Structures are given as structure tokens and as C-alpha cells.
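Student: Encoded as C-alpha cells, here's the structure I'll be asking about.
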Amino acid sequence: MKPFTKIISIITPFDKANVDTDQIIPKQFLKLITKSGFGKFLFYDWRFNHDGQKKNDFILNDSTYQDSQILVTNENFGCGSSREHAVWALKDFGFNVIISPSFADIFYSNCFKNGVLPIILDIEKIKKLLQYTDKIELDLNSQKITFGDESINFEIDSHRKFRLLEGLDDVDLTLKEDDKIDYFEKNSSSISIFE
Amino acid sequence: MTETLFEKIWNSHIVVERENEPSLIYIDRHLIHEVTSPQAFDGLRVNQRNVRRPDLTVATIDHNVPTTDRSLPMIDETSSTQIQTLEKNCKDFGIKLFGINDPNQGIVHVIGPQLGITLPGSTIVCGDSHTSTQGAFGAFAFGIGTSEVEHTLATQTLWLEKPKTFEILATGKRKNSFAITSKDIILSIIKQIGTDGGTGHVLEYRGDAISDLSMEQRMTICNMSIEAGSRAGLIAPDEKTFDYLNNRKYTPKNYDELVDDWKNNLMSDPNSKFDKSFIIDVDKIEPQVSWGTNPAMVSDVTGKIPTPEEFGQNNEIQIESAKKALLYMDLKPDTAIVDIPIDRVFIGSCTNARLEDLKDAAEIVKGKTVNSDVSAMVVPGSQMVKLEAEKLGLDKIFKDANFEWRESGCSMCLGMNPDILKPGERCASTSNRNFEGRQGSGGRTHLVSPVMAAASAIAGHFVDVREWC
């Protein structure tokens with residue numbers, strides 16, 4: 001995974017609550033067996049009409065936002081299915097940061113595994129950000145979002161921050177604990193299914 | 001110090017614990033299916049890693065499978081590729097697969113318990129959010145993403161932040177225990193605590209109204225924990241739990257010994273503290289029908305579609321969501337629920353496609369005929385459920401009433417196979433999610449119990465199913 005660096009980008013204001021993963025990536029696109037190429041299907045039913053034509057009034061079809069890396073949205077983002085394809089689609093489309101008052105648990109966890117930073121901010125700060133149209137600067141190291149003369153600090157678990165900044169692979173880190181897993185297995189009662 | 005059931009399970013599975021860091025938790029059971037696993041196996045190959053414990057891992061094919069004649073070739077090439085990929089991955093990595101023609105094939109959360117793979121006190125994961133179903137056996141069972149599938153395959157562990165605990169105390173007695181089901185209880189709970197009410201928490205369902213339920217009914221409740229934002233829901237095991245798992249295909253050999261141990265340990269201690277609590281009196285619950293596009297948008301069957309303002313109660317975001325939902329669902333406020341006509345009926349899914357669900361639905365359907373404006377189907381949760389139902393003659397009851405009787409799979413719960421709604425079609429569905437387009441682009445889903453779905457199929461619109469039994 002690539003280390004997460006500072007991001008300078010305009011935000012995409014996406015003021016919707018309870019956006020579920022079925023909307024982020026509809027099921028007909030879950031059949032691919034790779035992690036790449038999901039971006040073109042992001043929010044498919046909201047972006048395209050039944051005949052495949054783009055819906056002009058949908059914000060992700062507005063060229064103003066085509067280089068935006070930051071999606072600012074509303075509460076309970078990513079609820080529903082555990083499909084990691086939702087994060088792959090957002091990342092492939094170009095979003096590296098998602099800012100919301102709250103996230104669904106599995107989605108939140110999936111973001112970190114793919115180098116996407118989910119930031120939880122209270123609704124008043126979100127409202128302020130949603131109004132801002134120039135580029136903002138987002139620095140994970142100092143946990144700070146700067147826009148114009150203002151800045152907002154955000155919280156993030158230090159462990160997760162470290163993994164993002166270093167671009168570390170979870171499995172590699174866990175395999176360093178191999179002796180502890182061995183020890184647990186010798187002393188626990190995990191029962192083989194096929195004993 | 002007192003501990004909740006969840007804390008006991010958590011504490012007995014800690015491999016690594018350090019201050020202010022997530023804990024490394026051991027996983028006892030890993031269930032796999034074709035949709036969320038291919039990229040995980042790819043990751044193993046790229047990094048030249050093996051599956052650490054194939055003996056704690058099983059796979060099946062459920063999301064993509066056609067529910068029509070399986071001797072015919074599959075029409076959808078991408079689905080077919082995904083299925084073949086799982087077959088190859090299982091072969092290469094030595095994982096037991098219940099494949100498309102295996103008598104044990106079925107929806108992963110239905111076959112886990114049916115085969116005795118699900119065990120009380122264990123940790124269970126699957127790349128599917130409805131893994132919470134298996135919490136009904138007193139297990140910590142939760143859905144994971146594909147990266148975590150890879151991590152579990154390679155290490156048999158996961159890094160987790162300890163969730164908080166949330167007690168759902170269900171008291172009282174249902175007024176009509178046939179017509180008012182565990183589906184109505186869980187929909188009623190979600191209506192009240194909201195789709196994110198349980199975020200960051202493990203729900204523990206307790207109380208007489210929960211003990212009163214059969215194992216299959218309990219699974220319906222735990223299944224929909226994720227619809228309240230909870231990654232896992234659980235119920236302390238009791239005699240019903242131990243009886244259910246006895247003598248299954250993979251029930252452990254020293255089962256009696258295990259049961260003795262579980263009886264002594266697997267319950268929340270008296271006076272143990274939960275981070276949150278919610279009490280529901282099931283006396284007051286009516287049959288439920290969802291009217292919107294998330295599982296908290298639910299009404300009593302005798303009720304009406306609320307106005308967005310009534311639903312949102314001064315919460316701007318909720319009011320906007322309800323407006324958008326009504327537009328999508330093509331419904332107007334103040335319409336009586338029983339006046340909503342339906343086009344399709346789906347009895348199936350990991351929520352409500354076990355034998356009891358089908359028996360209850362058949363009881364309603366017996367000797368009647370599906371309304372001529374409605375097309376209805378039954379998709380058993382597993383091939384074992386299908387076979388048992390056929391032994392009881394349920395298939396004949398459904399077919400005589402003009403229901404289609406299908407092979408098992410996830411089917412129209414999420415429509416990854418050819419079973420989908422057409423744009424604009426309205427469906428009474430026993431599944432778990434009524435999101436926009438969930439059952440097919442433009443399709444409209446109303447979540448209901450199996451008996452409500454069955455009665456609505458006959459009537460052509462929602463009905464107060466209490467009047468039918």
C-alpha cells in the first residue's frame with residue numbers, strides 16, 4: 001500500500017445521510033475477481049439513467065469535481081453490506097478521503113485497509129466544509145484540515161494513523177506476532193471442523 | 001468483576017492485547033463465499049502465503065447461483081467465472097467447499113448452524129454482513145471486508161477494537177405468536193433505535209420474549225442486527241441452542257462435555273453492566289411492514305405511511321431521507337399500509353428461509369391461490385431446507401398455489417443472480433434490506449415476515465395477517 005501523504009484538493013459536497021454500500025457499488029458489479037476497475041461503476045444507479053446516459057444533475061457528473069479527492073458527506077455513510085468493493089470503487093474514482101459525522105463499522109474498517117482515510121467530524125464543521133469551494137489542505141500527520149484562514153483538527157486512532165502514514169500491510173505486521181498465535185493455538189480450545 | 005457474555009467471548013480469544021491499540025483476536029470459524037473472497041486469495045498468492053487453518057475454514061456458493069435448474073449451463077459468464085474461481089481457490093488452498101451441486105450447499109448463514117459448524121462461545125467471521133445471524137447461538141459472529149478475509153486466511157486472527165455492549169431487553173408475550181413473528185420484533189427494534197443505533201456496539205438480546213423464541217426465530221433477530229448498525233448481535237445459549245446443534249453433521253465429538261462447559265459459562269453475569277440498554281415490550285408489537293428505503297422506515301400493518309415530518313420529528317436529515325424514500329417508493333403519506341398493492345413476493349434469504357419460515361408461510365397458503373396480479377416465489381435457504389420441506393409436502397402446497405419453488409441461494413435478496421425486480425415493481429420480501437435498487441434497479445422492496453408475505457401474495461396487497469390465522 002502506498003503511504004498516505006498530504007492532500008490538497010477541492011471537496012465534493014455530497015450532503016446525503018445513510019448512503020448504503022448497495023448505492024456506492026450496486027451488486028451487478030460485484031462479480032469481478034480483481035480489485036481494480038470499480039470506479040466507473042461508482043454510484044451507478046445515481047450517475048446513470050436506465051439507458052446508460054449520464055444524469056446531468058448528479059454531482060459526480062459535474063466536471064467541477066472531477067479532480068476532487070475528498071468526499072464530504074452526511075451521517076451513517078457506508079451502511080449495509082460488508083462489500084469492500086465500495087471502498088475500491090471510491091478509491092478508483094479518485095477519492096482518498098471521506099469526511100462524515102459517522103460511518104458504518106465495517107465500511108470504516110475497510111477504508112483503512114485500502115489507504116482511504118475516513119474522518120469523523122461533527123455536523124457543524126461538516127456544514128462549514130460543505131460551503132467551501134476552494135482547495136483545502138489535509139494533513140494526516142498533524143491531523144489538520146486547513147481551508148482559507150481557518151483550520152479544523154480531527155481525531156484518529158494513533159495505530160491506524162501510523163499504518164496509513166507508513167503504508168503498512170496488516171498481514172506482514174501480524175505475522176510478526178506468529179509466536180503469540182502459536183501459543184494461543186496450543187492453549188485454546190478451537191475445535192477443528194473436521195475432527 | 002462481572003462480565004457480559006460478549007466480554008467473556010472476547011476475553012477468551014485475545015492473542016495480543018496492548019494498551020491503546022486494537023487487540024489481536026483469534027477466529028474459530030471462517031466461512032467463505034464466492035463474491036468477497038477472490039481478491040483475498042489473490043493476495044495470498046501474490047505474497048506466497050498459505051491458509052493457516054483450512055480445518056477452521058469452509059466455503060459455499062450462494063450469492064451468484066441460479067435458483068432454476070442447475071443441470072443447465074449458467075447464462076451469466078461473469079457469475080460463472082466467479083464460481084469457478086472459488087472452486088479453484090478452495091482446491092489450491094485445501095479448503096472444504098460445499099459446491100453448487102452439493103446437498104449441503106446453501107446460504108452461508110443457514111448452513112453454518114445446520115451443519116453444526118456454528119458453535120456457542122466461538123468467534124465466527126465471513127465476508128458478509130449478515131454473519132451476525134450466527135450470534136443466535138451465543139457466538140461472536142460478524143461480517144468482514146475482503147482485506148480481513150485475506151488476513152483471517154493467512155493468520156486466523158483479526159485486529160479489532162473492542163466494541164461496546166448494548167442490551168436489548170425484550171419483555172412480555174406476543175399477542176398472537178403465529179402472526180407476530182421475530183421479524184416483527186426486530187423491525188420494531190430497528191424502527192426505534194434507528195439504522196445506526198447500534199454502531200460500534202454488540203447487541204445482546206435478552207429477556208423472556210427472546211427465550212420464548214425458537215432457534216430459527218432467534219436467527220432472524222440476530223441476522224438484522226447489522227441493519228441497526230451493529231456488526232454483531234448475540235443471544236445466550238440455552239437448552240434450545242444445545243438441542244438444535246446436537247447430532248449435526250459436524251457437531252464436535254465431545255459435544256456433551258462442551259455443553260456442560262457452555263452451560264456454566266456462556267451468559268452475562270447477573271448485574272453485569274452494558275454500555276447502552278433498550279427495553280421493548282413485545283405485547284405491543286403488531287405485524288410490521290417497511291415503507292421506505294432503509295429498515296428503520298417501518299410501520300404497523302394497521303398504520304399509514306407517515307408524512308416525512310412525522311417520521312423525521314424535527315430532524316432535517318431524516319425528513320429529507322423520508323421525502324426521497326417516498327419518491328423512490330412512489331408512495332404518498334396517509335396511505336393505509338393495507339391499501340398498497342404488490343406485484344411480486346419473495347420468500348427467501350438468510351433472514352427468513354429456514355424450515356419454520358416455510359412451514360408457517362405454507363400454513364397461510366394452503367388451499368389458496370396467489371392473486372392473479374402477483375408473481376410469487378419461494379427460495380429455500382439451503383438444499384437441506386429444501387429437501388426437508390419437500391418431505392413435508394410444502395413444495396406441493398406452494399406450487400399448487402402458483403408459487404414458484406426454487407433451488408437455494410441468496411437470490412432476490414440482493415439480485416446478483418437472474419432473480420431481480422423490474423424497474424417500478426413492488427415486492428413484499430422476507431429479506432433484510434429495502435435499499436434503493438437492492439432487489440433490482442428501480443425495484444421497490446417492502447420488508448415483511450414470511451406469514452405476511454404469504455398472505456399478501458394471496459390478497460395482492462398487504463393484509464393484517466392476524467385475521468388469517
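Each chain of the C-alpha cells is named A, B, ... in the order shown, its residues numbered from 1; ligands are numbered from 1 in display order.
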Once you count only C-alpha atoms, what closest atom pair and distance in Å to one decimal does each residue of chain B within 7 Å of chain A have, with rows by chain and rising residue number, as CSV?
Tutor:
residue,atom,partner,partner_atom,distance
B:Val15,CA,A:Phe184,CA,6.1
B:Glu21,CA,A:His159,CA,6.3
B:Asp28,CA,A:Ser190,CA,5.6
B:Val35,CA,A:Lys31,CA,6.5
B:Thr36,CA,A:Arg83,CA,6.8
B:Pro38,CA,A:Ile33,CA,5.4
B:Gln39,CA,A:Thr34,CA,5.7
B:Asp55,CA,A:Ser192,CA,5.4
B:Leu56,CA,A:Ser192,CA,5.6
B:Thr78,CA,A:Lys31,CA,6.0
B:Ser79,CA,A:Lys31,CA,6.0
B:Gln82,CA,A:Lys31,CA,6.3
B:Ile117,CA,A:Ile193,CA,6.5
B:Gly127,CA,A:Ser82,CA,6.6
B:Asp128,CA,A:Ser82,CA,5.5
B:Ser129,CA,A:Ser82,CA,5.0
B:Gly143,CA,A:Ser82,CA,6.3
B:Ile144,CA,A:Ser82,CA,6.0
B:Gly145,CA,A:Glu84,CA,5.2
B:Thr146,CA,A:Glu84,CA,5.9
B:Ser147,CA,A:Lys113,CA,6.4
B:His151,CA,A:Val171,CA,5.7
B:Asp196,CA,A:Asn76,CA,6.4
B:Thr199,CA,A:Asp105,CA,6.4
B:Gly200,CA,A:Asp105,CA,6.4
B:Glu227,CA,A:Gly80,CA,6.7
B:Gly229,CA,A:Ala104,CA,6.4
B:Arg231,CA,A:Asp105,CA,6.9
B:Tyr250,CA,A:Ile193,CA,6.3
B:Ile317,CA,A:Ala17,CA,6.7
B:Met416,CA,A:Lys27,CA,5.9
B:Arg438,CA,A:Asp22,CA,6.5
Student: For a test of reading the model, state the distance in Å between CA of His130 in chain B and CA of Phe166 in chain B, rounded to one decimal.
Tutor: 18.2 Å
Student: Can you list, as a ChimeraX atom specification, every protein, DNA or RNA residue that comes within 12 Å of Phe4 in chain A when you count only C-alpha atoms, leaving out same-chain residues fewer than 2 positions away?
Tutor: /A:1-2,6-7,96-97,112-117,138-141,160-168
Student: Could you find all residues in range 37-177 of chain A that DSSP calls alpha helix (DSSP H) from the backbone, and write them as a PyMOL selection string?
Tutor: chain A and resi 44-47+85-93+105-112+123-131+158-166+170-175
Student: May I have the residues within 10 Å of Lys386 in chain B as a VMD selection string, using only C-alpha atoms and disregarding those fewer than 3 positions away in the same chain?
Tutor: chain B and resid 103 106 353 to 355 358 378 to 383 389 to 392 394 to 395 405 to 408
Student: Could you please determine the separation between CA of Cys126 in chain B and CA of Ala361 in chain B in Å, to one decimal place?
Tutor: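 Between CA of Cys126 in chain B and CA of Ala361 in chain B the gap is 29.0 Å.
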Student: Write out as a ChimeraX atom specification which residues come within 7 Å of Ala141 in chain B when counting only C-alpha atoms, dropping same-chain ones fewer than 5 positions away.
Tutor: /B:123-125,131-132,134-135,232
Student: What does the distance between CA of Tyr65 in chain A and CA of Asp92 in chain A come to in Å, to one decimal place?
Tutor: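 Pair CA of Tyr65 in chain A / CA of Asp92 in chain A returns 14.8 Å.
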Student: Can you pull out every residue within 6 Å of range 277-292 of chain B, counting only C-alpha atoms, but drop anything in the same chain fewer than 3 positions away, and send it as a tab-separated table (two decimals) with all heavy atoms, in the first residue's frame?
Tutor:
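File written: out.tsv
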chain	number	residue	atom	x	y	z
B	166	PHE	N	-24.46	-3.49	24.18
B	166	PHE	CA	-25.78	-2.87	24.09
B	166	PHE	C	-26.81	-3.96	24.41
B	166	PHE	O	-26.93	-4.93	23.68
B	166	PHE	CB	-25.98	-2.33	22.67
B	166	PHE	CG	-27.17	-1.43	22.46
B	166	PHE	CD1	-27.21	-0.59	21.34
B	166	PHE	CD2	-28.25	-1.40	23.33
B	166	PHE	CE1	-28.29	0.25	21.11
B	166	PHE	CE2	-29.34	-0.58	23.11
B	166	PHE	CZ	-29.36	0.25	21.99
B	167	GLU	N	-27.48	-3.78	25.53
B	167	GLU	CA	-28.51	-4.76	25.93
B	167	GLU	C	-29.85	-4.40	25.31
B	167	GLU	O	-30.31	-3.26	25.42
B	167	GLU	CB	-28.64	-4.72	27.46
B	167	GLU	CG	-29.81	-5.49	27.99
B	167	GLU	CD	-30.08	-5.23	29.48
B	167	GLU	OE1	-30.06	-4.05	29.90
B	167	GLU	OE2	-30.31	-6.20	30.20
B	168	ILE	N	-30.46	-5.38	24.63
B	168	ILE	CA	-31.83	-5.21	24.15
B	168	ILE	C	-32.68	-6.16	24.97
B	168	ILE	O	-32.59	-7.39	24.80
B	168	ILE	CB	-31.98	-5.55	22.65
B	168	ILE	CG1	-30.98	-4.78	21.79
B	168	ILE	CG2	-33.42	-5.35	22.19
B	168	ILE	CD1	-31.36	-3.40	21.41
B	169	LEU	N	-33.46	-5.62	25.88
B	169	LEU	CA	-34.27	-6.45	26.77
B	169	LEU	C	-35.69	-6.52	26.22
B	169	LEU	O	-36.37	-5.50	26.13
B	169	LEU	CB	-34.25	-5.83	28.17
B	169	LEU	CG	-35.00	-6.60	29.26
B	169	LEU	CD1	-34.37	-7.97	29.50
B	169	LEU	CD2	-35.00	-5.80	30.56
B	170	ALA	N	-36.10	-7.73	25.82
B	170	ALA	CA	-37.44	-7.90	25.25
B	170	ALA	C	-38.33	-8.60	26.27
B	170	ALA	O	-38.07	-9.75	26.65
B	170	ALA	CB	-37.37	-8.69	23.95
B	171	THR	N	-39.34	-7.90	26.72
B	171	THR	CA	-40.22	-8.43	27.77
B	171	THR	C	-41.61	-8.71	27.19
B	171	THR	O	-41.92	-8.31	26.07
B	171	THR	CB	-40.36	-7.42	28.91
B	171	THR	OG1	-40.91	-6.22	28.35
B	171	THR	CG2	-39.02	-7.10	29.54
B	172	GLY	N	-42.45	-9.36	27.98
B	172	GLY	CA	-43.85	-9.57	27.59
B	172	GLY	C	-44.03	-10.80	26.72
B	172	GLY	O	-43.11	-11.59	26.53
B	173	LYS	N	-45.21	-10.92	26.19
B	173	LYS	CA	-45.55	-12.08	25.38
B	173	LYS	C	-46.30	-11.59	24.14
B	173	LYS	O	-47.18	-10.74	24.23
B	173	LYS	CB	-46.45	-13.02	26.19
B	173	LYS	CG	-46.34	-14.45	25.73
B	173	LYS	CD	-46.92	-15.41	26.77
B	173	LYS	CE	-46.93	-16.82	26.26
B	173	LYS	NZ	-45.63	-17.38	25.88
B	174	ARG	N	-45.94	-12.13	22.98
B	174	ARG	CA	-46.61	-11.72	21.76
B	174	ARG	C	-48.09	-12.10	21.82
B	174	ARG	O	-48.42	-13.19	22.28
B	174	ARG	CB	-45.95	-12.39	20.54
B	174	ARG	CG	-44.60	-11.82	20.20
B	174	ARG	CD	-43.91	-12.66	19.16
B	174	ARG	NE	-43.45	-13.92	19.73
B	174	ARG	CZ	-43.23	-15.03	19.03
B	174	ARG	NH1	-43.44	-15.03	17.72
B	174	ARG	NH2	-42.82	-16.14	19.61
B	175	LYS	N	-48.95	-11.23	21.35
B	175	LYS	CA	-50.40	-11.45	21.45
B	175	LYS	C	-50.83	-12.62	20.56
B	175	LYS	O	-51.77	-13.32	20.87
B	175	LYS	CB	-51.14	-10.18	21.03
B	175	LYS	CG	-51.04	-9.07	22.07
B	175	LYS	CD	-52.36	-8.86	22.80
B	175	LYS	CE	-52.17	-8.14	24.13
B	175	LYS	NZ	-51.55	-6.84	24.02
B	180	ILE	N	-47.45	-12.70	14.70
B	180	ILE	CA	-46.46	-11.69	15.09
B	180	ILE	C	-45.16	-12.44	15.34
B	180	ILE	O	-45.03	-13.21	16.28
B	180	ILE	CB	-46.93	-10.91	16.33
B	180	ILE	CG1	-48.25	-10.21	15.99
B	180	ILE	CG2	-45.88	-9.90	16.76
B	180	ILE	CD1	-49.03	-9.79	17.19
B	184	ASP	N	-41.04	-9.28	13.07
B	184	ASP	CA	-41.74	-8.08	13.51
B	184	ASP	C	-41.06	-7.46	14.73
B	184	ASP	O	-41.02	-6.24	14.88
B	184	ASP	CB	-43.21	-8.42	13.80
B	184	ASP	CG	-43.89	-8.99	12.57
B	184	ASP	OD1	-43.89	-8.31	11.53
B	184	ASP	OD2	-44.37	-10.14	12.63
B	297	MET	N	-37.49	2.56	8.39
B	297	MET	CA	-38.72	3.17	7.84
B	297	MET	C	-39.79	2.09	7.77
B	297	MET	O	-40.01	1.46	6.74
B	297	MET	CB	-38.44	3.76	6.46
B	297	MET	CG	-37.47	4.93	6.51
B	297	MET	SD	-37.01	5.47	4.84
B	297	MET	CE	-36.18	7.02	5.21
B	298	VAL	N	-40.42	1.88	8.91
B	298	VAL	CA	-41.30	0.74	9.11
B	298	VAL	C	-42.58	1.21	9.79
B	298	VAL	O	-42.55	2.14	10.59
B	298	VAL	CB	-40.59	-0.30	10.01
B	298	VAL	CG1	-41.51	-1.43	10.39
B	298	VAL	CG2	-39.35	-0.85	9.32
B	299	SER	N	-43.69	0.55	9.45
B	299	SER	CA	-44.96	0.93	10.08
B	299	SER	C	-45.73	-0.32	10.54
B	299	SER	O	-45.51	-1.41	10.02
B	299	SER	CB	-45.79	1.69	9.04
B	299	SER	OG	-47.04	2.00	9.56
B	300	ASP	N	-46.62	-0.14	11.52
B	300	ASP	CA	-47.54	-1.22	11.87
B	300	ASP	C	-48.44	-1.47	10.67
B	300	ASP	O	-48.79	-0.53	9.94
B	300	ASP	CB	-48.45	-0.78	13.03
B	300	ASP	CG	-47.68	-0.63	14.33
B	300	ASP	OD1	-46.53	-1.09	14.39
B	300	ASP	OD2	-48.25	-0.05	15.28
B	301	VAL	N	-48.88	-2.71	10.50
B	301	VAL	CA	-49.71	-3.02	9.34
B	301	VAL	C	-51.05	-2.28	9.40
B	301	VAL	O	-51.64	-1.97	8.36
B	301	VAL	CB	-49.91	-4.55	9.19
B	301	VAL	CG1	-50.83	-5.10	10.27
B	301	VAL	CG2	-50.44	-4.89	7.81
B	325	ALA	N	-37.26	8.85	0.04
B	325	ALA	CA	-37.72	7.46	0.07
B	325	ALA	C	-39.12	7.33	-0.52
B	325	ALA	O	-39.40	6.43	-1.31
B	325	ALA	CB	-37.70	6.93	1.50
B	446	HIS	N	-40.59	-4.02	0.16
B	446	HIS	CA	-41.21	-3.88	1.48
B	446	HIS	C	-40.81	-5.08	2.31
B	446	HIS	O	-41.09	-6.22	1.93
B	446	HIS	CB	-42.74	-3.84	1.37
B	446	HIS	CG	-43.26	-2.64	0.65
B	446	HIS	ND1	-43.62	-1.48	1.31
B	446	HIS	CD2	-43.48	-2.41	-0.68
B	446	HIS	CE1	-44.05	-0.59	0.42
B	446	HIS	NE2	-43.97	-1.13	-0.80
B	447	LEU	N	-40.15	-4.84	3.44
B	447	LEU	CA	-39.70	-5.93	4.30
B	447	LEU	C	-40.85	-6.41	5.19
B	447	LEU	O	-41.51	-5.59	5.84
B	447	LEU	CB	-38.54	-5.47	5.19
B	447	LEU	CG	-37.34	-4.90	4.45
B	447	LEU	CD1	-36.32	-4.37	5.47
B	447	LEU	CD2	-36.71	-5.94	3.55
B	448	VAL	N	-41.07	-7.71	5.20
B	448	VAL	CA	-42.14	-8.30	6.00
B	448	VAL	C	-41.73	-9.69	6.49
B	448	VAL	O	-40.72	-10.23	6.06
B	448	VAL	CB	-43.45	-8.44	5.17
B	448	VAL	CG1	-44.05	-7.09	4.83
B	448	VAL	CG2	-43.22	-9.26	3.91
Student: Just checking: using only C-alpha atoms, which residue out of A:Phe14, A:Ile120, A:Thr146, A:Lys186 ends up closest to Ile59 in chain A?
Tutor: A:Phe14
Student: Please return, as number ranges by chain, all residues of range 129-348 of chain B that DSSP assigns to strand (DSSP E or B) on the basis of the backbone.
Tutor: B: 140-143, 157-160, 164-171, 201-206, 232-234, 276-281, 288-290, 298-300, 304, 336, 341, 344-347
Student: The selected residues should be written to file as a tab-separated table (two decimals), in the first residue's frame (atoms: N, CA and C atoms).
Tutor:
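Written output follows (out-v5.tsv):
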chain	number	residue	atom	x	y	z
B	140	PHE	N	-19.72	-14.85	18.92
B	140	PHE	CA	-19.41	-13.50	18.44
B	140	PHE	C	-19.17	-13.65	16.94
B	141	ALA	N	-20.22	-13.37	16.16
B	141	ALA	CA	-20.21	-13.63	14.72
B	141	ALA	C	-20.41	-12.32	13.98
B	142	PHE	N	-19.49	-11.99	13.09
B	142	PHE	CA	-19.58	-10.66	12.46
B	142	PHE	C	-19.03	-10.66	11.03
B	143	GLY	N	-19.54	-9.73	10.23
B	143	GLY	CA	-19.14	-9.60	8.84
B	143	GLY	C	-17.83	-8.85	8.72
B	157	THR	N	-6.52	-14.75	12.59
B	157	THR	CA	-6.79	-13.72	13.59
B	157	THR	C	-7.25	-12.44	12.91
B	158	LEU	N	-7.76	-11.50	13.70
B	158	LEU	CA	-8.08	-10.16	13.20
B	158	LEU	C	-7.74	-9.13	14.27
B	159	TRP	N	-7.27	-7.96	13.80
B	159	TRP	CA	-7.08	-6.83	14.72
B	159	TRP	C	-8.42	-6.14	14.89
B	160	LEU	N	-8.90	-6.07	16.11
B	160	LEU	CA	-10.21	-5.47	16.34
B	160	LEU	C	-10.16	-4.51	17.51
B	164	LYS	N	-18.40	-1.83	22.06
B	164	LYS	CA	-19.15	-1.62	23.30
B	164	LYS	C	-20.32	-2.60	23.34
B	165	THR	N	-20.99	-2.68	24.48
B	165	THR	CA	-22.11	-3.62	24.62
B	165	THR	C	-23.44	-2.89	24.72
B	166	PHE	N	-24.46	-3.49	24.18
B	166	PHE	CA	-25.78	-2.87	24.09
B	166	PHE	C	-26.81	-3.96	24.41
B	167	GLU	N	-27.48	-3.78	25.53
B	167	GLU	CA	-28.51	-4.76	25.93
B	167	GLU	C	-29.85	-4.40	25.31
B	168	ILE	N	-30.46	-5.38	24.63
B	168	ILE	CA	-31.83	-5.21	24.15
B	168	ILE	C	-32.68	-6.16	24.97
B	169	LEU	N	-33.46	-5.62	25.88
B	169	LEU	CA	-34.27	-6.45	26.77
B	169	LEU	C	-35.69	-6.52	26.22
B	170	ALA	N	-36.10	-7.73	25.82
B	170	ALA	CA	-37.44	-7.90	25.25
B	170	ALA	C	-38.33	-8.60	26.27
B	171	THR	N	-39.34	-7.90	26.72
B	171	THR	CA	-40.22	-8.43	27.77
B	171	THR	C	-41.61	-8.71	27.19
B	201	HIS	N	-21.33	-1.13	18.63
B	201	HIS	CA	-21.77	-1.98	19.75
B	201	HIS	C	-22.07	-3.40	19.27
B	202	VAL	N	-21.97	-4.33	20.22
B	202	VAL	CA	-22.51	-5.68	20.02
B	202	VAL	C	-23.82	-5.72	20.79
B	203	LEU	N	-24.89	-6.13	20.10
B	203	LEU	CA	-26.19	-6.20	20.77
B	203	LEU	C	-26.31	-7.55	21.49
B	204	GLU	N	-26.80	-7.53	22.72
B	204	GLU	CA	-27.20	-8.80	23.33
B	204	GLU	C	-28.70	-8.76	23.59
B	205	TYR	N	-29.43	-9.65	22.90
B	205	TYR	CA	-30.87	-9.73	23.07
B	205	TYR	C	-31.16	-10.64	24.26
B	206	ARG	N	-31.96	-10.14	25.19
B	206	ARG	CA	-32.23	-10.89	26.42
B	206	ARG	C	-33.69	-10.76	26.79
B	232	ALA	N	-22.47	-7.16	15.22
B	232	ALA	CA	-22.85	-8.47	15.77
B	232	ALA	C	-23.98	-8.32	16.77
B	233	GLY	N	-24.84	-9.36	16.82
B	233	GLY	CA	-25.87	-9.45	17.84
B	233	GLY	C	-25.77	-10.83	18.43
B	234	LEU	N	-26.02	-10.99	19.71
B	234	LEU	CA	-25.96	-12.34	20.25
B	234	LEU	C	-27.02	-12.62	21.29
B	276	LYS	N	-25.05	0.43	26.87
B	276	LYS	CA	-26.34	1.00	26.49
B	276	LYS	C	-27.42	-0.03	26.74
B	277	SER	N	-28.65	0.41	26.96
B	277	SER	CA	-29.76	-0.52	27.13
B	277	SER	C	-31.01	0.01	26.43
B	278	PHE	N	-31.83	-0.93	25.97
B	278	PHE	CA	-33.11	-0.56	25.36
B	278	PHE	C	-34.11	-1.64	25.73
B	279	ILE	N	-35.30	-1.22	26.13
B	279	ILE	CA	-36.32	-2.21	26.52
B	279	ILE	C	-37.46	-2.16	25.52
B	280	ILE	N	-37.89	-3.34	25.10
B	280	ILE	CA	-39.04	-3.39	24.21
B	280	ILE	C	-40.05	-4.38	24.79
B	281	ASP	N	-41.32	-3.96	24.79
B	281	ASP	CA	-42.39	-4.81	25.29
B	281	ASP	C	-43.08	-5.44	24.08
B	288	GLN	N	-45.36	-5.92	11.10
B	288	GLN	CA	-44.67	-4.74	10.59
B	288	GLN	C	-44.51	-4.82	9.06
B	289	VAL	N	-44.50	-3.64	8.45
B	289	VAL	CA	-44.25	-3.55	7.01
B	289	VAL	C	-43.35	-2.33	6.79
B	290	SER	N	-42.25	-2.49	6.06
B	290	SER	CA	-41.43	-1.31	5.78
B	290	SER	C	-42.02	-0.57	4.59
B	298	VAL	N	-40.42	1.88	8.91
B	298	VAL	CA	-41.30	0.74	9.11
B	298	VAL	C	-42.58	1.21	9.79
B	299	SER	N	-43.69	0.55	9.45
B	299	SER	CA	-44.96	0.93	10.08
B	299	SER	C	-45.73	-0.32	10.54
B	300	ASP	N	-46.62	-0.14	11.52
B	300	ASP	CA	-47.54	-1.22	11.87
B	300	ASP	C	-48.44	-1.47	10.67
B	304	LYS	N	-50.54	3.90	8.78
B	304	LYS	CA	-50.49	4.59	7.49
B	304	LYS	C	-49.06	5.03	7.20
B	336	ALA	N	-53.08	4.01	3.71
B	336	ALA	CA	-53.10	2.88	4.64
B	336	ALA	C	-52.18	1.79	4.10
B	341	PRO	N	-50.88	-2.08	-3.11
B	341	PRO	CA	-50.88	-3.32	-3.92
B	341	PRO	C	-49.44	-3.76	-4.22
B	344	ARG	N	-44.91	-8.47	-6.68
B	344	ARG	CA	-44.06	-9.65	-6.51
B	344	ARG	C	-44.00	-10.04	-5.03
B	345	VAL	N	-43.73	-11.31	-4.78
B	345	VAL	CA	-43.49	-11.78	-3.41
B	345	VAL	C	-42.26	-12.66	-3.42
B	346	PHE	N	-41.34	-12.36	-2.49
B	346	PHE	CA	-40.13	-13.17	-2.36
B	346	PHE	C	-40.05	-13.73	-0.95
B	347	ILE	N	-40.15	-15.04	-0.83
B	347	ILE	CA	-39.93	-15.69	0.46
B	347	ILE	C	-38.58	-16.38	0.36
Student: Which residues are close to Leu331 in chain B, i.e. within 9 Å by only C-alpha atoms, leaving aside same-chain residues fewer than 2 positions away? Reply as a list in words.
Tutor: Trp291, Gly292, Ile305, Ala325, Leu326, Leu327, Tyr328, Met329, Pro333, Thr335 and Ile340 of chain B
